[in-house]
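> The following file, run-v5.txt, comprises compact mmCIF, C-alpha atoms (C1' of nucleotides):
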```txt
# COMPACT_ATOMS: atom_id res chain seq x y z
CA MET K 238 102.41 19.50 -86.03
CA ALA K 239 104.46 17.09 -88.00
CA ARG K 240 101.76 14.69 -89.05
CA SER K 241 103.17 11.49 -90.41
CA TYR K 242 99.87 10.02 -91.49
CA LEU K 243 99.03 9.97 -95.10
CA GLU K 244 95.80 11.75 -95.83
CA ARG K 245 93.29 11.48 -98.59
CA SER K 246 93.86 15.07 -99.56
CA ASP K 247 97.59 14.45 -100.00
CA LEU K 248 96.84 11.78 -102.53
CA VAL K 249 94.38 13.63 -104.75
CA PRO K 250 96.84 15.92 -106.58
CA GLN K 251 99.12 12.97 -107.22
CA LEU K 252 96.19 10.97 -108.53
CA ALA K 253 95.32 13.82 -110.86
CA GLU K 254 98.74 13.74 -112.47
CA ILE K 255 98.64 9.95 -112.74
CA PHE K 256 95.28 10.02 -114.51
CA ARG K 257 96.64 12.71 -116.80
CA ARG K 258 99.65 10.63 -117.63
CA TYR K 259 98.05 7.21 -118.05
CA GLY K 260 94.36 7.92 -118.66
CA TYR K 261 91.59 6.35 -116.62
CA GLU K 262 91.91 2.82 -117.99
CA GLY K 263 95.67 2.94 -118.17
CA ALA K 264 96.05 3.99 -114.55
CA SER K 265 95.78 0.64 -112.84
CA ILE K 266 95.80 0.29 -109.08
CA GLY K 267 99.25 -1.20 -109.39
CA VAL K 268 100.52 1.83 -111.29
CA ILE K 269 98.85 4.18 -108.81
CA ALA K 270 100.38 2.37 -105.84
CA GLN K 271 103.78 2.50 -107.45
CA GLU K 272 103.64 6.16 -108.44
CA THR K 273 102.21 7.41 -105.14
CA GLY K 274 104.33 5.12 -103.00
CA ALA K 275 101.18 4.11 -101.12
CA GLY K 276 100.27 0.46 -100.70
CA ARG K 277 97.22 -0.98 -102.35
CA SER K 278 95.52 -1.36 -98.99
CA SER K 279 96.09 2.24 -98.11
CA LEU K 280 94.52 3.30 -101.36
CA TYR K 281 91.43 1.22 -100.70
CA HIS K 282 91.36 2.53 -97.17
CA PHE K 283 91.07 6.12 -98.39
CA PHE K 284 89.00 5.30 -101.43
CA PRO K 285 86.74 2.34 -100.63
CA GLY K 286 85.08 2.81 -103.98
CA GLY K 287 88.34 2.05 -105.77
CA LYS K 288 89.50 3.79 -108.88
CA GLU K 289 86.13 5.34 -109.64
CA GLU K 290 86.11 7.11 -106.29
CA MET K 291 89.67 8.27 -106.86
CA ALA K 292 88.80 9.80 -110.20
CA ASP K 293 85.70 11.38 -108.75
CA ALA K 294 87.75 12.97 -105.97
CA VAL K 295 90.19 14.28 -108.56
CA LEU K 296 87.42 15.82 -110.65
CA ALA K 297 85.90 17.40 -107.53
CA GLN K 298 89.22 18.94 -106.62
CA ILE K 299 89.76 20.27 -110.13
CA SER K 300 86.26 21.70 -110.09
CA ASP K 301 86.97 23.50 -106.81
CA TRP K 302 90.24 24.87 -108.10
CA PHE K 303 88.63 26.29 -111.22
CA GLU K 304 85.75 27.73 -109.24
CA VAL K 305 88.17 29.72 -107.09
CA HIS K 306 90.86 30.62 -109.61
CA ILE K 307 88.96 30.94 -112.87
CA PHE K 308 85.17 31.10 -112.58
CA ALA K 309 84.85 33.45 -109.60
CA PRO K 310 87.39 35.97 -110.96
CA LEU K 311 85.53 35.98 -114.28
CA ARG K 312 82.38 36.99 -112.44
CA GLU K 313 83.94 39.42 -110.00
CA ARG K 314 86.86 41.15 -111.66
CA PRO K 315 86.43 44.12 -114.01
CA ALA K 316 85.50 42.80 -117.41
CA PRO K 317 88.44 43.68 -119.67
CA GLN K 318 91.17 42.59 -117.25
CA ALA K 319 89.30 39.45 -116.26
CA LEU K 320 89.91 38.00 -119.73
CA VAL K 321 93.61 38.77 -119.62
CA GLU K 322 93.89 37.26 -116.17
CA MET K 323 92.04 34.14 -117.24
CA ALA K 324 94.37 33.75 -120.19
CA ALA K 325 97.38 33.95 -117.90
CA ALA K 326 95.92 31.52 -115.36
CA VAL K 327 94.94 29.03 -118.06
CA GLU K 328 98.31 29.27 -119.76
CA THR K 329 100.05 28.49 -116.48
CA TYR K 330 97.66 25.75 -115.39
CA PHE K 331 97.82 23.87 -118.68
CA ARG K 332 101.51 24.66 -119.18
CA SER K 333 100.76 26.12 -122.58
CA GLY K 334 98.92 23.02 -123.63
CA GLN K 335 101.51 20.50 -122.57
CA ARG K 336 99.46 19.53 -119.52
CA ILE K 337 96.12 18.12 -120.56
CA CYS K 338 92.69 19.07 -119.27
CA LEU K 339 91.53 15.94 -117.46
CA VAL K 340 87.88 16.94 -117.76
CA GLY K 341 88.22 17.41 -121.50
CA ALA K 342 90.09 14.13 -121.90
CA PHE K 343 87.39 12.30 -119.95
CA ALA K 344 84.75 13.90 -122.17
CA LEU K 345 86.32 12.19 -125.20
CA ASP K 346 86.76 8.90 -123.44
CA ASP K 347 84.49 6.00 -122.63
CA VAL K 348 84.53 7.00 -118.94
CA ARG K 349 82.53 10.09 -119.84
CA SER K 350 79.32 8.30 -118.88
CA ARG K 351 80.56 7.62 -115.37
CA PHE K 352 81.40 11.24 -114.65
CA SER K 353 78.99 13.02 -116.93
CA GLY K 354 77.63 15.18 -114.13
CA ARG K 355 81.02 16.56 -113.21
CA ILE K 356 82.09 17.01 -116.81
CA GLU K 357 78.91 18.80 -117.80
CA SER K 358 78.98 21.07 -114.79
CA TYR K 359 82.62 22.04 -115.31
CA PHE K 360 82.10 23.29 -118.84
CA ALA K 361 78.65 24.74 -118.16
CA ARG K 362 79.94 26.85 -115.27
CA TRP K 363 83.03 27.94 -117.16
CA GLY K 364 80.94 28.88 -120.18
CA ALA K 365 78.38 30.77 -118.11
CA ALA K 366 80.99 32.75 -116.16
CA LEU K 367 82.84 33.60 -119.35
CA ALA K 368 79.70 34.63 -121.23
CA GLU K 369 78.65 36.83 -118.34
CA CYS K 370 82.04 38.50 -118.35
CA LEU K 371 81.86 39.09 -122.09
CA GLN K 372 78.46 40.70 -121.70
CA ARG K 373 79.92 43.10 -119.18
CA ALA K 374 82.63 43.78 -121.73
CA GLY K 375 80.01 44.91 -124.19
CA TRP K 376 78.84 41.84 -126.11
CA PRO K 377 75.10 41.36 -126.54
CA GLU K 378 73.58 38.21 -125.05
CA PRO K 379 73.60 35.62 -127.82
CA GLU K 380 76.99 36.60 -129.24
CA ALA K 381 78.55 36.56 -125.78
CA ARG K 382 77.61 32.91 -125.36
CA GLN K 383 78.96 32.11 -128.81
CA GLU K 384 82.25 33.84 -128.11
CA ALA K 385 82.54 32.00 -124.78
CA ILE K 386 82.15 28.67 -126.57
CA SER K 387 84.79 29.69 -129.10
CA ILE K 388 87.27 30.54 -126.38
CA LEU K 389 86.68 27.29 -124.51
CA ALA K 390 87.02 25.37 -127.77
CA ALA K 391 90.27 27.19 -128.54
CA ILE K 392 91.66 26.14 -125.16
CA GLN K 393 90.63 22.50 -125.47
CA GLY K 394 91.62 22.28 -129.12
CA GLY K 395 94.86 24.10 -128.42
CA ILE K 396 95.78 21.43 -125.91
CA VAL K 397 95.11 18.70 -128.48
CA LEU K 398 97.22 20.43 -131.13
CA THR K 399 100.10 21.15 -128.79
CA ARG K 400 100.12 17.58 -127.52
CA ALA K 401 100.03 16.32 -131.09
CA SER K 402 102.80 18.53 -132.42
CA GLY K 403 104.89 19.02 -129.30
CA ASN K 404 104.79 22.70 -130.08
CA ALA K 405 103.39 25.02 -127.39
CA GLU K 406 102.90 27.75 -129.98
CA ALA K 407 99.76 26.02 -131.21
CA PHE K 408 98.08 26.42 -127.84
CA ARG K 409 99.21 30.02 -127.41
CA SER K 410 98.20 30.95 -130.92
CA ALA K 411 94.73 29.41 -130.71
CA LEU K 412 94.03 31.02 -127.35
CA ALA K 413 95.37 34.43 -128.40
CA THR K 414 93.34 34.45 -131.60
CA ALA K 415 90.09 33.59 -129.81
CA LEU K 416 90.69 36.16 -127.09
CA ALA K 417 91.67 38.89 -129.55
CA ARG K 418 88.37 38.34 -131.29
CA ALA K 419 86.44 38.51 -128.03
CA GLY K 420 88.31 41.69 -127.12
CA ARG K 421 86.68 43.48 -130.03
CA ALA K 422 83.40 43.64 -128.10
CA GLY K 423 80.60 43.75 -130.63
CA THR K 424 82.65 45.77 -133.13
CA ASP K 425 81.59 43.53 -135.95
CA ALA K 426 78.75 41.10 -136.39
CA THR K 427 79.08 37.55 -137.61
CA GLY K 428 81.99 38.16 -139.93
CA GLU K 429 81.76 38.91 -143.62
CA MET I 50 81.94 -12.86 -156.60
CA ALA I 51 80.35 -13.24 -153.27
CA ARG I 52 83.43 -13.60 -151.17
CA SER I 53 82.66 -15.09 -147.81
CA TYR I 54 86.15 -14.62 -146.43
CA LEU I 55 86.68 -11.98 -143.86
CA GLU I 56 89.32 -9.51 -144.91
CA ARG I 57 91.59 -7.22 -143.01
CA SER I 58 90.10 -4.22 -144.74
CA ASP I 59 86.61 -5.21 -143.63
CA LEU I 60 87.73 -5.11 -140.03
CA VAL I 61 89.46 -1.74 -140.00
CA PRO I 62 86.37 0.52 -140.05
CA GLN I 63 84.79 -1.55 -137.31
CA LEU I 64 87.96 -1.33 -135.26
CA ALA I 65 87.93 2.43 -135.68
CA GLU I 66 84.48 2.72 -134.14
CA ILE I 67 85.44 0.36 -131.32
CA PHE I 68 88.52 2.42 -130.45
CA ARG I 69 86.37 5.54 -130.59
CA ARG I 70 83.86 4.01 -128.23
CA TYR I 71 86.17 2.34 -125.70
CA GLY I 72 89.49 4.09 -126.11
CA TYR I 73 92.75 2.24 -126.75
CA GLU I 74 93.13 0.74 -123.30
CA GLY I 75 89.46 0.08 -122.86
CA ALA I 76 89.17 -1.83 -126.14
CA SER I 77 90.35 -5.25 -125.02
CA ILE I 78 90.77 -8.11 -127.45
CA GLY I 79 87.72 -9.69 -125.86
CA VAL I 80 85.63 -6.61 -126.52
CA ILE I 81 86.95 -6.35 -130.06
CA ALA I 82 86.18 -10.01 -130.78
CA GLN I 83 82.68 -9.60 -129.40
CA GLU I 84 81.89 -6.38 -131.25
CA THR I 85 83.29 -7.48 -134.58
CA GLY I 86 81.98 -11.00 -134.32
CA ALA I 87 85.42 -12.27 -135.29
CA GLY I 88 87.21 -14.85 -133.18
CA ARG I 89 90.35 -13.99 -131.31
CA SER I 90 92.39 -16.21 -133.60
CA SER I 91 91.06 -14.47 -136.67
CA LEU I 92 92.04 -11.13 -135.22
CA TYR I 93 95.58 -12.28 -134.56
CA HIS I 94 95.68 -13.84 -137.99
CA PHE I 95 95.00 -10.48 -139.63
CA PHE I 96 96.92 -8.44 -137.11
CA PRO I 97 99.84 -10.51 -135.83
CA GLY I 98 101.05 -7.48 -133.92
CA GLY I 99 97.90 -7.49 -131.83
CA LYS I 100 96.10 -4.41 -130.69
CA GLU I 101 98.92 -2.05 -131.56
CA GLU I 102 98.84 -3.18 -135.18
CA MET I 103 95.06 -2.82 -135.21
CA ALA I 104 95.24 0.75 -133.99
CA ASP I 105 98.00 1.53 -136.45
CA ALA I 106 95.92 0.20 -139.32
CA VAL I 107 93.00 2.32 -138.16
CA LEU I 108 95.14 5.45 -138.01
CA ALA I 109 96.53 4.70 -141.47
CA GLN I 110 93.05 4.36 -142.89
CA ILE I 111 91.90 7.58 -141.27
CA SER I 112 94.95 9.33 -142.63
CA ASP I 113 94.16 8.09 -146.14
CA TRP I 114 90.55 9.16 -145.87
CA PHE I 115 91.47 12.67 -144.82
CA GLU I 116 94.11 12.92 -147.50
CA VAL I 117 91.52 12.21 -150.19
CA HIS I 118 88.46 13.96 -148.77
CA ILE I 119 89.92 16.90 -146.86
CA PHE I 120 93.58 17.68 -147.56
CA ALA I 121 93.63 17.26 -151.34
CA PRO I 122 90.46 19.33 -151.89
CA LEU I 123 91.93 22.08 -149.73
CA ARG I 124 94.92 22.19 -152.03
CA GLU I 125 93.11 21.77 -155.29
CA ARG I 126 89.71 23.42 -155.06
CA PRO I 127 89.21 27.19 -155.53
CA ALA I 128 90.08 28.90 -152.27
CA PRO I 129 86.82 30.36 -151.03
CA GLN I 130 84.64 27.31 -151.69
CA ALA I 131 87.30 24.94 -150.38
CA LEU I 132 86.71 26.24 -146.86
CA VAL I 133 82.96 25.83 -147.08
CA GLU I 134 83.37 22.33 -148.46
CA MET I 135 85.79 21.39 -145.72
CA ALA I 136 83.32 22.64 -143.12
CA ALA I 137 80.58 20.49 -144.57
CA ALA I 138 82.81 17.41 -144.83
CA VAL I 139 84.09 17.84 -141.27
CA GLU I 140 80.61 18.40 -139.92
CA THR I 141 79.41 15.19 -141.52
CA TYR I 142 82.46 13.13 -140.60
CA PHE I 143 82.44 14.12 -136.94
CA ARG I 144 78.64 14.15 -136.77
CA SER I 145 78.67 17.69 -135.45
CA GLY I 146 81.10 16.75 -132.71
CA GLN I 147 79.29 13.70 -131.46
CA ARG I 148 81.78 11.41 -133.15
CA ILE I 149 85.24 11.93 -131.75
CA CYS I 150 88.48 12.48 -133.66
CA LEU I 151 90.48 9.37 -132.87
CA VAL I 152 93.75 11.08 -133.71
CA GLY I 153 92.98 13.94 -131.33
CA ALA I 154 91.88 11.56 -128.60
CA PHE I 155 95.11 9.60 -128.97
CA ALA I 156 97.07 12.84 -128.76
CA LEU I 157 95.65 13.44 -125.28
CA ASP I 158 96.16 9.87 -124.18
CA ASP I 159 99.11 7.89 -122.96
CA VAL I 160 99.20 5.97 -126.24
CA ARG I 161 100.31 9.13 -127.98
CA SER I 162 103.93 8.01 -127.72
CA ARG I 163 103.24 4.81 -129.62
CA PHE I 164 101.64 6.55 -132.57
CA SER I 165 103.35 9.92 -132.43
CA GLY I 166 104.43 9.74 -136.05
CA ARG I 167 100.91 9.23 -137.35
CA ILE I 168 99.44 11.82 -135.00
CA GLU I 169 102.00 14.47 -135.86
CA SER I 170 101.70 13.88 -139.56
CA TYR I 171 97.89 14.05 -139.53
CA PHE I 172 97.76 17.48 -137.96
CA ALA I 173 100.82 18.78 -139.79
CA ARG I 174 99.38 17.89 -143.18
CA TRP I 175 95.95 19.24 -142.33
CA GLY I 176 97.47 22.47 -141.02
CA ALA I 177 99.69 22.88 -144.07
CA ALA I 178 96.90 22.25 -146.57
CA LEU I 179 94.60 24.63 -144.74
CA ALA I 180 97.22 27.37 -144.42
CA GLU I 181 98.01 27.09 -148.12
CA CYS I 182 94.33 27.42 -148.94
CA LEU I 183 94.01 30.49 -146.72
CA GLN I 184 96.96 32.08 -148.47
CA ARG I 185 95.23 31.60 -151.78
CA ALA I 186 92.21 33.23 -150.17
CA GLY I 187 94.27 36.32 -149.47
CA TRP I 188 95.90 35.87 -146.09
CA PRO I 189 99.60 36.71 -145.80
CA GLU I 190 101.96 33.89 -144.82
CA PRO I 191 102.26 34.08 -141.04
CA GLU I 192 98.62 34.92 -140.39
CA ALA I 193 97.46 32.14 -142.66
CA ARG I 194 99.27 29.61 -140.51
CA GLN I 195 97.81 31.14 -137.37
CA GLU I 196 94.27 31.04 -138.76
CA ALA I 197 94.75 27.43 -139.80
CA ILE I 198 95.72 26.53 -136.24
CA SER I 199 92.69 28.36 -134.90
CA ILE I 200 90.36 26.46 -137.18
CA LEU I 201 91.86 23.09 -136.29
CA ALA I 202 91.66 23.98 -132.60
CA ALA I 203 88.03 25.00 -133.01
CA ILE I 204 87.24 21.62 -134.54
CA GLN I 205 89.06 19.61 -131.88
CA GLY I 206 87.81 21.77 -129.03
CA GLY I 207 84.31 21.78 -130.49
CA ILE I 208 84.27 18.00 -130.32
CA VAL I 209 85.31 18.11 -126.66
CA LEU I 210 82.62 20.64 -125.79
CA THR I 211 79.89 18.82 -127.66
CA ARG I 212 80.80 15.52 -126.07
CA ALA I 213 80.85 17.18 -122.66
CA SER I 214 77.53 18.97 -123.00
CA GLY I 215 75.72 16.62 -125.33
CA ASN I 216 74.87 19.69 -127.38
CA ALA I 217 75.95 19.69 -131.03
CA GLU I 218 75.52 23.45 -131.16
CA ALA I 219 78.85 23.87 -129.38
CA PHE I 220 80.70 22.19 -132.22
CA ARG I 221 78.82 24.05 -134.92
CA SER I 222 79.25 27.38 -133.19
CA ALA I 223 82.99 26.98 -132.60
CA LEU I 224 83.61 25.90 -136.17
CA ALA I 225 81.41 28.62 -137.67
CA THR I 226 83.08 31.34 -135.62
CA ALA I 227 86.58 30.25 -136.60
CA LEU I 228 85.66 29.96 -140.27
CA ALA I 229 83.85 33.29 -140.34
CA ARG I 230 87.00 34.89 -139.04
CA ALA I 231 89.15 33.18 -141.65
CA GLY I 232 86.70 34.25 -144.34
CA ARG I 233 87.55 37.87 -143.72
CA ALA I 234 90.86 37.37 -145.52
CA GLY I 235 93.31 39.85 -144.10
CA THR I 236 90.64 42.49 -143.60
CA ASP I 237 91.89 43.22 -140.12
CA ALA I 238 95.20 42.50 -138.45
CA THR I 239 95.58 40.77 -135.11
CA GLY I 240 92.43 42.21 -133.63
CA GLU I 241 92.42 45.46 -131.69
C1' DG W 71 96.67 2.94 -91.08
C1' DT W 72 99.65 -0.16 -93.42
C1' DC W 73 101.39 -4.72 -94.41
C1' DT W 74 101.16 -9.61 -96.73
C1' DA W 75 98.44 -12.94 -98.74
C1' DT W 76 95.02 -14.21 -101.68
C1' DA W 77 90.67 -14.75 -104.52
C1' DC W 78 89.19 -14.80 -109.02
C1' DA W 79 87.93 -12.51 -113.46
C1' DG W 80 89.95 -10.57 -117.30
C1' DT W 81 94.18 -9.57 -120.06
C1' DG W 82 97.12 -10.31 -124.44
C1' DA W 83 98.86 -13.90 -126.88
C1' DT W 84 99.88 -18.71 -128.81
C1' DA W 85 99.31 -23.72 -130.30
C1' DG W 86 97.20 -27.16 -132.66
C1' DA W 87 92.92 -29.38 -134.51
C1' DC W 88 89.84 -28.84 -138.26
C1' DG E 296 90.78 -18.94 -142.06
C1' DT E 297 88.47 -20.13 -137.91
C1' DC E 298 87.75 -22.94 -133.94
C1' DT E 299 88.79 -24.56 -128.91
C1' DA E 300 91.98 -24.84 -125.41
C1' DT E 301 95.31 -22.97 -122.85
C1' DC E 302 99.27 -20.02 -121.35
C1' DA E 303 101.38 -16.65 -117.99
C1' DC E 304 100.23 -12.38 -116.41
C1' DT E 305 97.80 -8.33 -114.63
C1' DG E 306 93.41 -6.49 -113.16
C1' DT E 307 90.40 -5.14 -109.01
C1' DA E 308 89.16 -6.11 -104.64
C1' DT E 309 89.11 -8.22 -99.98
C1' DA E 310 90.68 -10.47 -95.52
C1' DG E 311 93.27 -10.71 -91.64
C1' DA E 312 97.75 -9.96 -89.14
C1' DC E 313 100.25 -6.30 -87.07
```
What does this structure look like when you write it as structure tokens?


Amino acid sequence: MARSYLERSDLVPQLAEIFRRYGYEGASIGVIAQETGAGRSSLYHFFPGGKEEMADAVLAQISDWFEVHIFAPLRERPAPQALVEMAAAVETYFRSGQRICLVGAFALDDVRSRFSGRIESYFARWGAALAECLQRAGWPEPEARQEAISILAAIQGGIVLTRASGNAEAFRSALATALARAGRAGTDATGE
Amino acid sequence: MARSYLERSDLVPQLAEIFRRYGYEGASIGVIAQETGAGRSSLYHFFPGGKEEMADAVLAQISDWFEVHIFAPLRERPAPQALVEMAAAVETYFRSGQRICLVGAFALDDVRSRFSGRIESYFARWGAALAECLQRAGWPEPEARQEAISILAAIQGGIVLTRASGNAEAFRSALATALARAGRAGTDATGE
DNA sequence: GTCTATACAGTGATAGAC
DNA sequence: GTCTATCACTGTATAGAC
């Protein structure tokens, strides 16, 4: 039962935090070895493809986590609560904007091209699940998609602002404002 | 009048695009020399502090540009038009989200700590100018600040989404939604 | 599966000739 | 002000002993 071998799956969450902290380029193999406590050889043993394979494994794990904890609930839970629950889950996961979204950070970075499939899919699935939920909450088709984009933008932008200012209120405020708007299902049109 | 000397100020805009493209870590001196066409020695001649001084000069130039073209108009132009003009300027500058905000990207990155002063000041001044403009447009104090944050988040998040999806509509939609909301000066309260 | 040793390109940075 | 040459160092990646 007590397994003393290091496994690939033990490493992935650590790698995620390291990439968050240092960025893709900044996270050198030396840094990774130091922070994980694993030797360089062990890292290459588990990830023969080197750093690129490590980052890919991290993105895959993040994708799985969001599928289970965010996307599926959006599709399956009753519409009004689903939004509140997503807000709570997102607030916890991103620590009110103090923990960055690795997928979003990669989207801004040069490495985007290497992981474009994963990055695209992450936001596309999140957007689709959210739009579907908003439709069930009463929004007509095109506006539901627009509101979904606004909420995702508020989350990603909220992280940027909170990281820039050191103030978690920015994240909370941006997210709350976007969700409050979405909560008014179709009450008003485009504004004005 | 034809001056054939290379000047520091000629280099800065090029450096900005290079940092945008490769990120801070990814933009090595070799890459910078190649892309600018300047020799390594010339680069160190203009920026004795190396890459850190280059990035600092870029951030300073961006800060100046925004002060003149975004922040000052927000303070000085009539309130309702000022928002429309900012939207147009931002849309052009960020090429509908296909050109990243270097300050926002740095805020997510590890290098944030090195340039925290510049990053903080950029968003603080933008937020203050925008909130002041919204107050003139009829929003009460606390809500004006909150709306300003939402708009900034929509811009930053819109860039992330557009870069992730390759679709400029995400940026436009997020920005339009946030601005439409702000345009309804104090018409409704927090929503719901 | 983890260690040490090592190959070899790329890194930031400097010195001195022109 | 720009060039070539060079520095010590860190980067990724691999090989072979254990």

> Dump as CSV the rows for residues of chain E within 12 Å of chain K: closest atom pair and distance in Å with one decimal, all atoms listed in the file counted, ordered by chain and rising residue number.


```
residue,atom,partner,partner_atom,distance
E:DT305,C1',K:Gly267,CA,9.0
E:DG306,C1',K:Ser265,CA,7.5
E:DT307,C1',K:Ile266,CA,7.7
E:DA308,C1',K:Gly287,CA,8.3
E:DT309,C1',K:Ser278,CA,9.4
E:DA310,C1',K:Ser278,CA,10.9
```

> Kindly assemble as a tab-separated table a list of the chain W residues that lie within 10 Å of chain K, each paired with its nearest atom pair and their distance in Å to one decimal, using all atoms listed in the file, sorted first by chain and then by ascending residue number.


```
residue	atom	partner	partner_atom	distance
W:DG71	C1'	K:Ser279	CA	7.1
W:DT72	C1'	K:Ser279	CA	6.4
W:DC73	C1'	K:Ser278	CA	8.2
```

> Quick one: residues within 6 Å of Ala381 (chain K), all atoms listed in the file, excluding same-chain residues fewer than 4 positions away - as a list in words?

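The residues that qualify are Ala368, Leu371, Gln372, Trp376 and Pro377 of chain K.
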
> Filtering to C-alpha atoms, could you give me those residues as an mmCIF file, in the frame of the given file?


```
data_model
loop_
_atom_site.group_PDB
_atom_site.id
_atom_site.type_symbol
_atom_site.label_atom_id
_atom_site.label_comp_id
_atom_site.auth_asym_id
_atom_site.auth_seq_id
_atom_site.Cartn_x
_atom_site.Cartn_y
_atom_site.Cartn_z
ATOM 1 C CA ALA K 368 79.700 34.630 -121.230
ATOM 2 C CA LEU K 371 81.860 39.090 -122.090
ATOM 3 C CA GLN K 372 78.460 40.700 -121.700
ATOM 4 C CA TRP K 376 78.840 41.840 -126.110
ATOM 5 C CA PRO K 377 75.100 41.360 -126.540
#
```

> Using all atoms listed in the file, which protein or nucleic acid residues come within 10 Å of DC88 (chain W)? Drop anything in the same chain fewer than 2 positions from it, and give the result as number ranges by chain.

W: 86; E: 297-298

> Identify, on the basis of all atoms listed in the file, every residue whose closest approach to region 293-307 of chain K does not exceed 7 Å; exclude the query and any residue fewer than 6 positions from it along the same chain; express the result as an NGL selection string.

:K and (249 or 252-253 or 323 or 355 or 359)

> I'd like the neighbourhood of DC304 (chain E) as an mmCIF file with C-alpha atoms (C1' of nucleotides), in the frame of the given file, where a residue qualifies if any of its atoms comes within 12 Å (using all atoms listed in the file), though same-chain residues fewer than 2 positions away should be ignored.


```
data_model
loop_
_atom_site.group_PDB
_atom_site.id
_atom_site.type_symbol
_atom_site.label_atom_id
_atom_site.label_comp_id
_atom_site.auth_asym_id
_atom_site.auth_seq_id
_atom_site.Cartn_x
_atom_site.Cartn_y
_atom_site.Cartn_z
ATOM 1 C "C1'" DG W 80 89.950 -10.570 -117.300
ATOM 2 C "C1'" DT W 81 94.180 -9.570 -120.060
ATOM 3 C "C1'" DG W 82 97.120 -10.310 -124.440
ATOM 4 C "C1'" DA W 83 98.860 -13.900 -126.880
ATOM 5 C "C1'" DC E 302 99.270 -20.020 -121.350
ATOM 6 C "C1'" DG E 306 93.410 -6.490 -113.160
#
```

> For region 247-262 of chain K, supply N, CA and C atoms and report the output as a compact mmCIF listing (two decimals), in the frame of the given file.


```
# COMPACT_ATOMS: atom_id res chain seq x y z
N ASP K 247 96.21 14.45 -99.48
CA ASP K 247 97.59 14.45 -100.00
C ASP K 247 97.66 13.68 -101.31
N LEU K 248 96.79 12.69 -101.40
CA LEU K 248 96.84 11.78 -102.53
C LEU K 248 96.22 12.38 -103.80
N VAL K 249 95.19 13.19 -103.60
CA VAL K 249 94.38 13.63 -104.75
C VAL K 249 95.19 14.33 -105.84
N PRO K 250 96.07 15.28 -105.50
CA PRO K 250 96.84 15.92 -106.58
C PRO K 250 97.74 14.94 -107.32
N GLN K 251 98.29 13.99 -106.57
CA GLN K 251 99.12 12.97 -107.22
C GLN K 251 98.27 12.13 -108.17
N LEU K 252 97.09 11.77 -107.69
CA LEU K 252 96.19 10.97 -108.53
C LEU K 252 95.85 11.71 -109.82
N ALA K 253 95.65 13.02 -109.69
CA ALA K 253 95.32 13.82 -110.86
C ALA K 253 96.41 13.69 -111.93
N GLU K 254 97.65 13.82 -111.50
CA GLU K 254 98.74 13.74 -112.47
C GLU K 254 98.86 12.34 -113.06
N ILE K 255 98.57 11.33 -112.25
CA ILE K 255 98.64 9.95 -112.74
C ILE K 255 97.55 9.70 -113.79
N PHE K 256 96.35 10.18 -113.52
CA PHE K 256 95.28 10.02 -114.51
C PHE K 256 95.60 10.80 -115.79
N ARG K 257 96.23 11.94 -115.63
CA ARG K 257 96.64 12.71 -116.80
C ARG K 257 97.62 11.92 -117.64
N ARG K 258 98.57 11.34 -116.96
CA ARG K 258 99.65 10.63 -117.63
C ARG K 258 99.17 9.36 -118.31
N TYR K 259 98.39 8.54 -117.56
CA TYR K 259 98.05 7.21 -118.05
C TYR K 259 96.63 7.07 -118.57
N GLY K 260 95.78 8.07 -118.31
CA GLY K 260 94.36 7.92 -118.66
C GLY K 260 93.66 7.10 -117.59
N TYR K 261 92.35 7.05 -117.67
CA TYR K 261 91.59 6.35 -116.62
C TYR K 261 91.83 4.84 -116.69
N GLU K 262 91.72 4.27 -117.85
CA GLU K 262 91.91 2.82 -117.99
C GLU K 262 93.36 2.44 -117.76
```
